[in-house]
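The file model.txt comes next; it holds compact mmCIF, C-alpha atoms and all ligand atoms.
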# COMPACT_ATOMS: atom_id res chain seq x y z
CA MET A 1 1.70 21.14 -24.33
CA THR A 2 -0.98 23.62 -23.48
CA TRP A 3 -1.81 23.78 -19.80
CA PRO A 4 -4.12 24.46 -18.23
CA ALA A 5 -7.33 23.46 -20.01
CA PRO A 6 -9.58 26.15 -21.58
CA ILE A 7 -11.60 26.51 -18.35
CA ALA A 8 -11.08 29.38 -15.91
CA PRO A 9 -8.97 28.04 -13.01
CA ALA A 10 -11.32 29.72 -10.52
CA ALA A 11 -14.17 27.58 -11.87
CA LEU A 12 -12.31 24.44 -10.78
CA GLY A 13 -11.97 25.47 -7.13
CA PRO A 14 -15.44 24.30 -6.02
CA THR A 15 -14.87 20.83 -7.55
CA LEU A 16 -11.54 20.53 -5.74
CA SER A 17 -12.87 21.83 -2.41
CA ALA A 18 -11.65 19.78 0.55
CA SER A 19 -15.03 20.32 2.22
CA PHE A 20 -17.58 17.71 1.16
CA GLY A 21 -20.51 20.04 1.82
CA GLU A 22 -18.98 22.93 -0.11
CA ALA A 23 -17.82 20.87 -3.10
CA ARG A 24 -19.69 21.46 -6.36
CA THR A 25 -19.93 19.57 -9.65
CA LEU A 26 -17.73 20.50 -12.63
CA PRO A 27 -18.75 23.60 -14.61
CA PRO A 28 -21.14 22.85 -17.52
CA GLU A 29 -18.58 23.89 -20.16
CA ALA A 30 -16.60 20.78 -19.21
CA TYR A 31 -19.41 18.79 -20.89
CA LEU A 32 -20.43 21.16 -23.66
CA SER A 33 -17.45 23.04 -25.08
CA ASP A 34 -15.73 21.94 -28.29
CA GLU A 35 -12.50 23.52 -27.03
CA VAL A 36 -12.57 21.55 -23.77
CA PHE A 37 -13.37 18.37 -25.68
CA ALA A 38 -10.43 18.90 -28.09
CA TRP A 39 -8.18 19.55 -25.11
CA GLU A 40 -9.40 16.38 -23.37
CA ARG A 41 -8.78 14.30 -26.48
CA GLU A 42 -5.21 15.51 -26.62
CA HIS A 43 -4.38 15.42 -22.93
CA PHE A 44 -6.72 12.87 -21.34
CA PHE A 45 -6.90 10.38 -24.22
CA GLU A 46 -3.66 10.76 -26.22
CA GLY A 47 -1.89 11.64 -22.96
CA SER A 48 -3.10 8.72 -20.78
CA TRP A 49 -3.31 4.96 -21.12
CA VAL A 50 -6.41 4.39 -23.26
CA CYS A 51 -8.02 0.96 -23.50
CA LEU A 52 -8.38 -0.33 -27.09
CA GLY A 53 -10.26 -3.52 -26.19
CA ARG A 54 -9.47 -7.18 -25.61
CA ALA A 55 -6.08 -8.52 -26.61
CA ASP A 56 -7.49 -11.83 -27.86
CA ARG A 57 -8.85 -10.01 -30.91
CA LEU A 58 -5.21 -9.81 -32.05
CA LYS A 59 -4.10 -13.28 -31.07
CA GLU A 60 -2.39 -14.77 -34.14
CA PRO A 61 1.02 -13.70 -35.49
CA GLY A 62 0.34 -11.29 -38.35
CA ASP A 63 -2.92 -9.94 -36.88
CA GLN A 64 -3.09 -6.17 -37.49
CA LYS A 65 -5.73 -3.61 -36.55
CA ALA A 66 -5.79 0.19 -36.84
CA PHE A 67 -7.24 2.45 -34.13
CA ARG A 68 -7.71 6.16 -33.54
CA ILE A 69 -6.97 7.66 -30.13
CA GLY A 70 -7.97 11.32 -30.10
CA SER A 71 -6.45 12.67 -33.31
CA GLU A 72 -3.71 10.03 -33.42
CA GLY A 73 -3.67 6.79 -35.40
CA VAL A 74 -2.03 3.61 -34.08
CA LEU A 75 -1.59 0.24 -35.79
CA LEU A 76 -1.43 -2.78 -33.45
CA VAL A 77 0.50 -5.77 -34.77
CA ARG A 78 1.02 -9.24 -33.27
CA GLY A 79 4.56 -10.36 -34.08
CA LYS A 80 5.94 -13.83 -34.85
CA ASP A 81 7.44 -13.68 -31.36
CA GLU A 82 3.82 -13.25 -30.04
CA ALA A 83 4.60 -9.76 -28.73
CA LEU A 84 1.97 -7.11 -29.42
CA ARG A 85 3.50 -3.92 -30.83
CA GLY A 86 2.02 -0.52 -31.59
CA PHE A 87 3.20 1.65 -34.50
CA PHE A 88 2.06 5.13 -35.42
CA ASN A 89 -0.16 4.64 -38.44
CA ALA A 90 1.97 6.63 -40.88
CA CYS A 91 4.21 5.15 -43.56
CA ARG A 92 7.89 6.10 -43.48
CA HIS A 93 7.76 6.97 -47.18
CA ARG A 94 5.22 9.77 -47.54
CA GLY A 95 2.89 9.21 -44.61
CA HIS A 96 -0.03 7.21 -46.01
CA GLU A 97 -1.88 5.26 -43.32
CA LEU A 98 -0.71 1.66 -43.25
CA LEU A 99 -4.26 0.42 -42.59
CA GLU A 100 -7.59 2.22 -42.50
CA THR A 101 -8.93 3.01 -39.00
CA GLY A 102 -11.03 0.12 -37.73
CA ALA A 103 -9.78 -2.33 -40.38
CA PHE A 104 -8.36 -5.73 -39.42
CA VAL A 105 -6.08 -7.96 -41.52
CA ASN A 106 -3.83 -10.96 -40.98
CA ARG A 107 -0.69 -10.74 -43.13
CA ARG A 108 2.91 -11.86 -42.93
CA ALA A 109 4.03 -8.22 -43.17
CA VAL A 110 2.72 -4.67 -42.90
CA LYS A 111 2.18 -3.31 -46.40
CA CYS A 112 1.49 0.31 -47.22
CA PRO A 113 -1.41 0.56 -49.69
CA TYR A 114 0.08 3.63 -51.45
CA HIS A 115 3.45 2.66 -53.01
CA ALA A 116 3.70 -0.81 -51.46
CA TRP A 117 6.55 -0.35 -49.00
CA VAL A 118 6.64 -3.51 -46.89
CA PHE A 119 7.59 -3.66 -43.22
CA GLY A 120 8.26 -6.72 -41.05
CA LEU A 121 5.86 -7.39 -38.19
CA GLU A 122 8.56 -5.98 -35.88
CA GLY A 123 8.59 -2.70 -37.82
CA ARG A 124 11.76 -2.96 -39.94
CA LEU A 125 11.50 -1.81 -43.57
CA ALA A 126 11.87 -4.96 -45.68
CA GLY A 127 11.04 -3.71 -49.16
CA ALA A 128 10.79 -0.39 -51.04
CA PRO A 129 9.94 -0.97 -54.72
CA ARG A 130 12.29 0.70 -57.22
CA PHE A 131 14.45 2.40 -54.62
CA GLY A 132 17.55 0.45 -55.78
CA ASP A 133 18.76 3.42 -57.83
CA VAL A 134 18.33 6.03 -55.11
CA PRO A 135 21.81 7.08 -53.93
CA GLY A 136 22.50 6.48 -50.24
CA PHE A 137 19.11 4.86 -49.57
CA ASP A 138 19.35 2.39 -46.69
CA LYS A 139 16.26 0.47 -45.57
CA ALA A 140 17.65 0.37 -42.02
CA ASP A 141 16.98 4.12 -41.76
CA TYR A 142 13.19 3.77 -42.17
CA PRO A 143 11.62 1.51 -39.53
CA LEU A 144 8.05 2.19 -38.36
CA ILE A 145 7.89 4.39 -35.29
CA GLU A 146 6.74 2.54 -32.18
CA ALA A 147 3.96 3.75 -29.87
CA ARG A 148 3.71 2.63 -26.21
CA VAL A 149 1.46 -0.39 -25.87
CA VAL A 150 0.81 -2.70 -22.92
CA GLU A 151 -1.33 -5.76 -22.39
CA TRP A 152 -2.84 -5.90 -18.92
CA ARG A 153 -5.09 -8.70 -17.73
CA GLY A 154 -6.40 -9.37 -21.23
CA TRP A 155 -6.90 -5.75 -22.30
CA VAL A 156 -4.71 -3.62 -24.60
CA PHE A 157 -3.76 -0.07 -23.68
CA VAL A 158 -1.90 2.57 -25.65
CA ASN A 159 -0.29 5.83 -24.61
CA ALA A 160 -0.01 7.86 -27.80
CA SER A 161 1.85 10.83 -26.31
CA GLY A 162 4.57 8.67 -24.78
CA GLU A 163 4.36 10.84 -21.67
CA ALA A 164 2.06 8.93 -19.30
CA PRO A 165 3.64 7.29 -16.23
CA GLU A 166 4.62 3.63 -16.44
CA PHE A 167 1.44 1.54 -16.70
CA SER A 168 2.07 -0.27 -13.42
CA GLU A 169 2.19 3.06 -11.61
CA TYR A 170 -0.83 4.38 -13.52
CA VAL A 171 -3.04 1.39 -12.67
CA GLY A 172 -1.67 1.16 -9.11
CA ASN A 173 -3.52 -1.06 -6.65
CA LEU A 174 -6.36 -1.78 -9.10
CA ASP A 175 -4.26 -4.73 -10.32
CA GLU A 176 -4.31 -6.33 -6.89
CA LEU A 177 -8.02 -5.62 -6.45
CA ILE A 178 -9.14 -7.36 -9.63
CA ALA A 179 -6.53 -10.16 -9.64
CA PRO A 180 -8.88 -12.82 -8.11
CA TRP A 181 -11.19 -12.57 -11.16
CA GLU A 182 -8.23 -13.35 -13.50
CA PRO A 183 -9.76 -11.28 -16.33
CA GLU A 184 -6.95 -12.47 -18.65
CA ARG A 185 -8.40 -15.99 -18.75
CA LEU A 186 -12.01 -14.96 -19.40
CA PHE A 187 -13.60 -15.08 -22.84
CA VAL A 188 -16.06 -12.67 -24.45
CA ALA A 189 -19.48 -14.32 -24.66
CA ALA A 190 -21.69 -11.33 -25.51
CA GLY A 191 -21.42 -7.71 -26.56
CA HIS A 192 -23.55 -4.64 -27.31
CA ASP A 193 -22.57 -1.36 -28.98
CA TYR A 194 -24.35 1.85 -28.05
CA VAL A 195 -24.19 5.45 -29.28
CA ILE A 196 -25.19 7.83 -26.50
CA ALA A 197 -25.98 11.54 -26.82
CA ALA A 198 -23.98 12.40 -23.71
CA ASN A 199 -20.48 13.41 -22.70
CA TRP A 200 -18.12 10.56 -21.74
CA LYS A 201 -17.75 12.01 -18.22
CA THR A 202 -21.52 12.03 -17.66
CA ILE A 203 -21.56 8.30 -18.44
CA THR A 204 -18.67 7.65 -16.04
CA GLU A 205 -20.28 9.69 -13.26
CA ASN A 206 -23.58 7.91 -13.66
CA TYR A 207 -21.72 4.59 -13.35
CA HIS A 208 -20.06 5.60 -10.09
CA GLU A 209 -23.19 6.19 -8.01
CA CYS A 210 -26.33 4.25 -7.12
CA TYR A 211 -28.12 7.26 -5.66
CA HIS A 212 -30.25 7.10 -8.85
CA CYS A 213 -30.93 3.35 -8.59
CA PRO A 214 -34.19 3.42 -6.56
CA THR A 215 -35.76 5.83 -9.06
CA ILE A 216 -34.66 4.38 -12.42
CA HIS A 217 -33.50 0.75 -11.92
CA PRO A 218 -36.28 -1.44 -10.42
CA ALA A 219 -34.75 -4.71 -11.70
CA LEU A 220 -31.33 -3.81 -10.35
CA CYS A 221 -32.70 -2.95 -6.90
CA ALA A 222 -34.40 -6.36 -6.75
CA VAL A 223 -30.98 -8.06 -6.67
CA THR A 224 -28.76 -5.50 -4.92
CA PRO A 225 -29.62 -3.00 -2.15
CA PRO A 226 -28.82 0.39 -3.71
CA ASP A 227 -27.38 1.80 -0.49
CA SER A 228 -25.02 -1.12 0.15
CA GLY A 229 -21.24 -1.19 -0.20
CA GLU A 230 -18.36 1.22 0.16
CA SER A 231 -15.76 3.07 -1.89
CA PHE A 232 -12.22 1.71 -2.27
CA PRO A 233 -9.12 3.84 -1.64
CA PRO A 234 -7.35 3.97 -5.02
CA ASP A 235 -3.61 4.37 -5.46
CA GLY A 236 -3.69 4.97 -9.21
CA ALA A 237 -5.87 6.62 -11.88
CA TRP A 238 -9.07 4.84 -10.93
CA VAL A 239 -12.21 5.14 -8.81
CA GLY A 240 -14.48 2.39 -7.57
CA GLY A 241 -16.44 0.58 -4.89
CA ASN A 242 -18.54 -2.47 -4.21
CA MET A 243 -22.19 -3.38 -3.64
CA GLU A 244 -23.71 -6.41 -1.96
CA LEU A 245 -26.03 -8.97 -3.48
CA ARG A 246 -29.35 -9.59 -1.73
CA GLY A 247 -29.54 -12.89 0.16
CA SER A 248 -31.75 -14.41 -2.53
CA ALA A 249 -29.47 -13.40 -5.44
CA GLU A 250 -26.49 -15.35 -6.79
CA THR A 251 -25.59 -12.61 -9.25
CA MET A 252 -26.94 -9.63 -11.20
CA SER A 253 -29.65 -11.07 -13.46
CA MET A 254 -33.41 -10.68 -13.85
CA THR A 255 -34.10 -13.55 -11.44
CA GLY A 256 -30.92 -13.29 -9.35
CA GLU A 257 -30.01 -16.74 -10.64
CA SER A 258 -26.68 -17.51 -12.34
CA LYS A 259 -26.47 -19.61 -15.49
CA GLY A 260 -22.68 -19.53 -15.35
CA VAL A 261 -20.15 -20.74 -12.79
CA ARG A 262 -18.47 -19.01 -9.87
CA ILE A 263 -15.12 -17.54 -10.89
CA ARG A 264 -12.52 -19.84 -9.38
CA GLY A 265 -10.30 -17.37 -7.50
CA LEU A 266 -12.99 -15.62 -5.43
CA ASP A 267 -13.36 -15.88 -1.68
CA ASP A 268 -16.80 -16.22 -0.09
CA ARG A 269 -17.12 -12.50 0.47
CA GLN A 270 -16.23 -11.62 -3.13
CA ALA A 271 -18.81 -14.17 -4.28
CA ARG A 272 -21.53 -12.13 -2.50
CA GLU A 273 -20.54 -8.74 -3.93
CA VAL A 274 -20.24 -6.84 -7.19
CA TYR A 275 -17.27 -4.50 -7.69
CA TYR A 276 -17.57 -1.42 -9.93
CA VAL A 277 -14.32 0.24 -10.96
CA GLY A 278 -13.44 2.85 -13.57
CA LEU A 279 -9.89 3.13 -14.93
CA PHE A 280 -9.37 6.61 -16.35
CA PRO A 281 -10.22 7.59 -19.00
CA ASN A 282 -12.26 4.97 -20.85
CA LEU A 283 -12.68 1.56 -19.18
CA LEU A 284 -15.32 0.60 -16.61
CA ILE A 285 -14.97 -2.90 -15.14
CA SER A 286 -17.86 -4.54 -13.26
CA LEU A 287 -16.78 -7.69 -11.42
CA HIS A 288 -19.53 -10.19 -10.61
CA PRO A 289 -19.25 -13.58 -8.90
CA ASP A 290 -19.68 -15.39 -12.24
CA TYR A 291 -18.87 -12.86 -15.00
CA VAL A 292 -17.15 -9.56 -15.72
CA MET A 293 -18.82 -6.76 -17.67
CA THR A 294 -16.90 -3.89 -19.25
CA HIS A 295 -17.90 -0.58 -20.77
CA ARG A 296 -15.31 0.99 -23.06
CA PHE A 297 -15.85 4.51 -24.42
CA ASP A 298 -14.85 6.17 -27.61
CA PRO A 299 -15.93 9.83 -27.35
CA GLU A 300 -17.08 11.35 -30.65
CA GLY A 301 -17.75 14.88 -29.45
CA PRO A 302 -18.69 16.76 -26.29
CA GLY A 303 -22.25 15.46 -26.56
CA GLU A 304 -21.76 12.05 -28.18
CA SER A 305 -20.04 8.86 -27.04
CA LYS A 306 -19.74 5.38 -28.47
CA VAL A 307 -19.79 2.65 -25.83
CA GLU A 308 -18.83 -1.00 -26.32
CA CYS A 309 -20.23 -3.24 -23.58
CA LEU A 310 -18.80 -6.77 -23.26
CA TRP A 311 -19.62 -9.74 -21.01
CA LEU A 312 -16.72 -12.03 -20.13
CA PHE A 313 -17.02 -15.50 -18.62
CA PRO A 314 -14.60 -18.13 -17.29
CA PRO A 315 -13.90 -21.06 -19.65
CA GLU A 316 -15.61 -23.49 -17.23
CA ALA A 317 -18.97 -21.82 -17.97
CA LYS A 318 -18.98 -23.44 -21.42
CA GLN A 319 -19.12 -26.85 -19.75
CA ARG A 320 -22.58 -26.07 -18.39
CA PRO A 321 -25.05 -27.56 -20.89
CA ASP A 322 -27.48 -24.69 -20.32
CA PHE A 323 -24.84 -21.92 -20.50
CA ASP A 324 -26.22 -18.83 -22.18
CA PRO A 325 -24.71 -15.39 -21.44
CA SER A 326 -28.02 -13.61 -22.04
CA TYR A 327 -28.98 -13.97 -18.36
CA ALA A 328 -26.26 -11.36 -17.75
CA SER A 329 -26.34 -9.35 -20.98
CA ASP A 330 -30.16 -8.99 -21.09
CA PHE A 331 -30.26 -7.78 -17.50
CA TRP A 332 -27.53 -5.21 -18.08
CA ASP A 333 -28.90 -4.14 -21.46
CA VAL A 334 -32.11 -3.10 -19.69
CA THR A 335 -30.09 -1.31 -17.00
CA ASN A 336 -27.76 0.28 -19.56
CA ARG A 337 -30.69 1.72 -21.51
CA GLU A 338 -32.19 3.15 -18.33
CA ASP A 339 -28.82 4.75 -17.63
CA TRP A 340 -28.36 6.13 -21.16
CA MET A 341 -31.76 7.84 -20.99
CA ALA A 342 -30.72 9.51 -17.74
CA CYS A 343 -27.31 10.51 -19.15
CA GLU A 344 -28.86 12.02 -22.28
CA SER A 345 -31.31 13.99 -20.12
CA VAL A 346 -28.43 15.28 -17.97
CA GLN A 347 -26.58 16.32 -21.15
CA ARG A 348 -29.61 18.37 -22.27
CA GLY A 349 -29.99 19.88 -18.81
CA LEU A 350 -26.32 20.88 -18.70
CA GLY A 351 -27.00 23.15 -21.68
CA SER A 352 -29.92 24.97 -20.02
CA ARG A 353 -29.83 28.61 -18.95
CA GLY A 354 -31.14 27.32 -15.64
CA MET A 355 -28.20 24.97 -15.06
CA ARG A 356 -26.28 25.65 -11.83
CA ARG A 357 -23.53 23.53 -10.32
CA GLY A 358 -24.91 21.13 -7.69
CA PRO A 359 -23.67 19.51 -4.45
CA PHE A 360 -22.79 15.84 -3.91
CA ALA A 361 -24.73 13.34 -1.76
CA SER A 362 -22.58 11.20 0.51
CA SER A 363 -23.31 8.22 -1.76
CA GLU A 364 -21.77 10.22 -4.62
CA ASP A 365 -18.29 10.27 -3.11
CA GLU A 366 -16.89 8.38 -6.10
CA VAL A 367 -18.42 10.93 -8.49
CA ARG A 368 -16.73 13.61 -6.46
CA ALA A 369 -13.40 11.73 -6.56
CA PHE A 370 -13.69 11.29 -10.36
CA GLN A 371 -14.56 14.95 -10.91
CA ALA A 372 -11.67 16.02 -8.69
CA LEU A 373 -9.33 13.83 -10.76
CA VAL A 374 -10.63 15.55 -13.91
CA ALA A 375 -10.42 19.06 -12.40
CA ASP A 376 -6.90 18.39 -11.15
CA GLY A 377 -5.98 17.15 -14.63
CA TYR A 378 -7.42 20.33 -16.23
CA ARG A 379 -5.35 22.43 -13.85
CA THR A 380 -2.04 20.60 -13.61
CA GLY A 381 -1.81 18.18 -16.50
CA ARG A 382 -1.25 15.25 -14.15
CA VAL A 383 -3.74 12.43 -14.07
CA GLY A 384 -3.31 9.99 -11.22
CA THR A 385 -4.82 9.10 -7.88
CA PRO A 386 -7.90 11.30 -7.32
CA PRO A 387 -6.80 14.27 -5.19
CA GLN A 388 -9.79 14.00 -2.84
CA VAL A 389 -8.82 10.43 -2.09
CA ARG A 390 -5.19 11.40 -1.57
CA ALA A 391 -6.35 14.02 0.93
CA GLN A 392 -8.74 11.64 2.72
CA PRO A 393 -7.25 8.14 2.90
CA ALA A 394 -10.01 7.25 5.35
CA LEU A 395 -12.49 6.98 2.44
CA SER A 396 -12.51 3.20 2.76
S1 LIG A 401 3.43 6.42 -48.53
FE1 LIG A 401 3.68 4.34 -48.05
S2 LIG A 401 4.72 3.50 -49.68
FE2 LIG A 401 4.53 5.58 -50.18
FE FE A 402 -27.52 3.28 -13.30
Let me see the structure of the file written as C-alpha cells.
Ligand code: FES
Ligand SMILES: [Fe+2]
Amino acid sequence: MTWPAPIAPAALGPTLSASFGEARTLPPEAYLSDEVFAWEREHFFEGSWVCLGRADRLKEPGDQKAFRIGSEGVLLVRGKDEALRGFFNACRHRGHELLETGAFVNRRAVKCPYHAWVFGLEGRLAGAPRFGDVPGFDKADYPLIEARVVEWRGWVFVNASGEAPEFSEYVGNLDELIAPWEPERLFVAAGHDYVIAANWKTITENYHECYHCPTIHPALCAVTPPDSGESFPPDGAWVGGNMELRGSAETMSMTGESKGVRIRGLDDRQAREVYYVGLFPNLLISLHPDYVMTHRFDPEGPGESKVECLWLFPPEAKQRPDFDPSYASDFWDVTNREDWMACESVQRGLGSRGMRRGPFASSEDEVRAFQALVADGYRTGRVGTPPQVRAQPALS
C-alpha cells in the first residue's frame, strides 16, 4: 500500500480546515493528475465498496457477468443456491480471463475460454481436460478465488482489495435513512448512459449542492425551492441532504405532476421531499416520493467519466394504465445535461493558469464534507464518515 496519495500533505490542510470560512476546495491536481487518478483507482475504487449496478441483472442461477474495478477484474456469478458470488476474473490454470469485461452469459458452469477448464457456479474446479496423467494433480487444489461481494437493497457492491470495513459499518446510518423507499423491491423502468469530460469528483460535488440551481436549472427550480432543505449527519461513507417540493408539485417532473404512485413506506413528510445522497465512491441515490433515480460512475481517466443513470419505480406503478417513466427520466435528462455542461466547464477551468482554490458557500456544506472525506482518504488511507461531519455533529 502506498500512502499517502501523490499530493503534498500541506496542500490538503485547507480542505480539512475546521473553520468553514478558511476552508478551501481541493487542489486542482486532484482532478487533473494521472498519478492521483491511478492512486484513486487503487485506493478509493479497488479499496472501497464499489457499486456494480442492480442485482436483478443477475437474477437466474447460472447468470455470469464480468466487471472491471480500477485495474482489477471480477466475475459475478449467481449460484444454484441463489447466492451471488464474486470471483477474481483469472483462471486457476494460466490466468486467462474467465469472461470478457462487460460480457454476460447464463451457463450451468464457469468455463475458461482458453483450455476449457470448467468450474462449478460455487467456484470449485470440476473439469480440467487431459490432466488425468499429471502426477499429483488434484482438482480440489484449484478453486476460483473469491472476491468480497454484497447485495444491499437491490444493488451489488464489491470490495476488490478485501480491506474495506464490513459493508454494514461502511454504509452506516444510510441504510436506515433509505429503508422507507425499499429500493430492493423497485424495478428499473428507464435508463440513460452518459460520457462526461469531467472528473468523477466534480460530478459528485455538483450533485451535492443547489447553489448553482437558480442559474442553470430553471425547470428544477419550478418544482423545488433551491434554498430549501438541510444536510443529514452521516455515520458512514456517505454525504447527503434533502430538499422540499413546492406546494404545487407532487414530484420532480416538468409539470410537477406524478404519473407513478407514491412509494408505500413513506410518511407524509417524506412524500413532500426529495433526498439526495452519495455513497462513496460511485453511487448517487435520489429518493423521490414516487421513484428513485441513481447515478453510478465508472471513471475512465482524470478528465473522463462514464455515468449510468437509472429510474426505479415501485411495482404498483405498472398498474396505472397511463404509467410512463418518461415524466421522470425526461425531466432529469434535461437537468443532467445542464449539470454535465457545468461539470465539463469546471474541468476545463481547473486546468487554467488562473485557477486558484476557492471558498465554500454555506449551502455547499455537503461539498465541503465530501472533499474533506477525499482529503482525509488521501492523507490517511481511511475512507469513512466525513471528518468535518465527525467534528461538527450539529450539521443536521
Ligand atoms: S488458462 Fe484457463 S484453462 Fe488454461
Ligand atoms: Fe445541478
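The smallest atom-to-atom distance between ligand FE 402 (chain A) and any of A:Pro214, A:Gly13, A:Gly102, A:Pro180, using only C-alpha atoms and all ligand atoms, is found for A:Pro214.
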Using only C-alpha atoms and all ligand atoms, find each protein or nucleic acid residue lying at most 7 Å from ligand LIG 401 (chain A); present the set as a ChimeraX atom specification. /A:91-96,112-117
Residues within 6 Å of ligand FE 402 (chain A) should be enumerated using only C-alpha atoms and all ligand atoms and returned as JSON, numbers by chain. {"A": [207, 213, 339]}
Nearest residue to Met252 (chain A) out of A:His288, A:Arg124, A:Arg68, A:Arg272, using all atoms listed in the file?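 The shortest atom-to-atom distance to Met252 (chain A) comes from A:His288.
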Just want the 10 Å neighbourhood of Ala109 (chain A), counted on only C-alpha atoms, with same-chain residues fewer than 5 positions away dropped. Output as a ChimeraX atom specification. /A:61-64,77,79,118-126
Write out, as a compact mmCIF listing (two decimals), keeping the file's coordinate frame, the residues just selected, with C-alpha atoms.
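Wrote it out as part_9.txt, contents follow:
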# COMPACT_ATOMS: atom_id res chain seq x y z
CA PRO A 61 1.02 -13.70 -35.49
CA GLY A 62 0.34 -11.29 -38.35
CA ASP A 63 -2.92 -9.94 -36.88
CA GLN A 64 -3.09 -6.17 -37.49
CA VAL A 77 0.50 -5.77 -34.77
CA GLY A 79 4.56 -10.36 -34.08
CA VAL A 118 6.64 -3.51 -46.89
CA PHE A 119 7.59 -3.66 -43.22
CA GLY A 120 8.26 -6.72 -41.05
CA LEU A 121 5.86 -7.39 -38.19
CA GLU A 122 8.56 -5.98 -35.88
CA GLY A 123 8.59 -2.70 -37.82
CA ARG A 124 11.76 -2.96 -39.94
CA LEU A 125 11.50 -1.81 -43.57
CA ALA A 126 11.87 -4.96 -45.68
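Atom pair CA of Lys259 (chain A) / CA of Ala219 (chain A): separated by 17.5 Å.
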Where does region 49-143 of chain A meet region 302-322 of chain A within 12 Å, residue by residue, with the nearest atom pair and distance in Å to one decimal for each, counting all atoms listed in the file, listed by chain and rising number, as a tab-separated table?
residue	atom	partner	partner_atom	distance
A:Cys51	CA	A:Glu308	CA	11.3
A:Leu52	CA	A:Glu308	CA	10.5
A:Gly53	CA	A:Glu308	CA	8.9
A:Arg54	CA	A:Leu310	CA	9.6
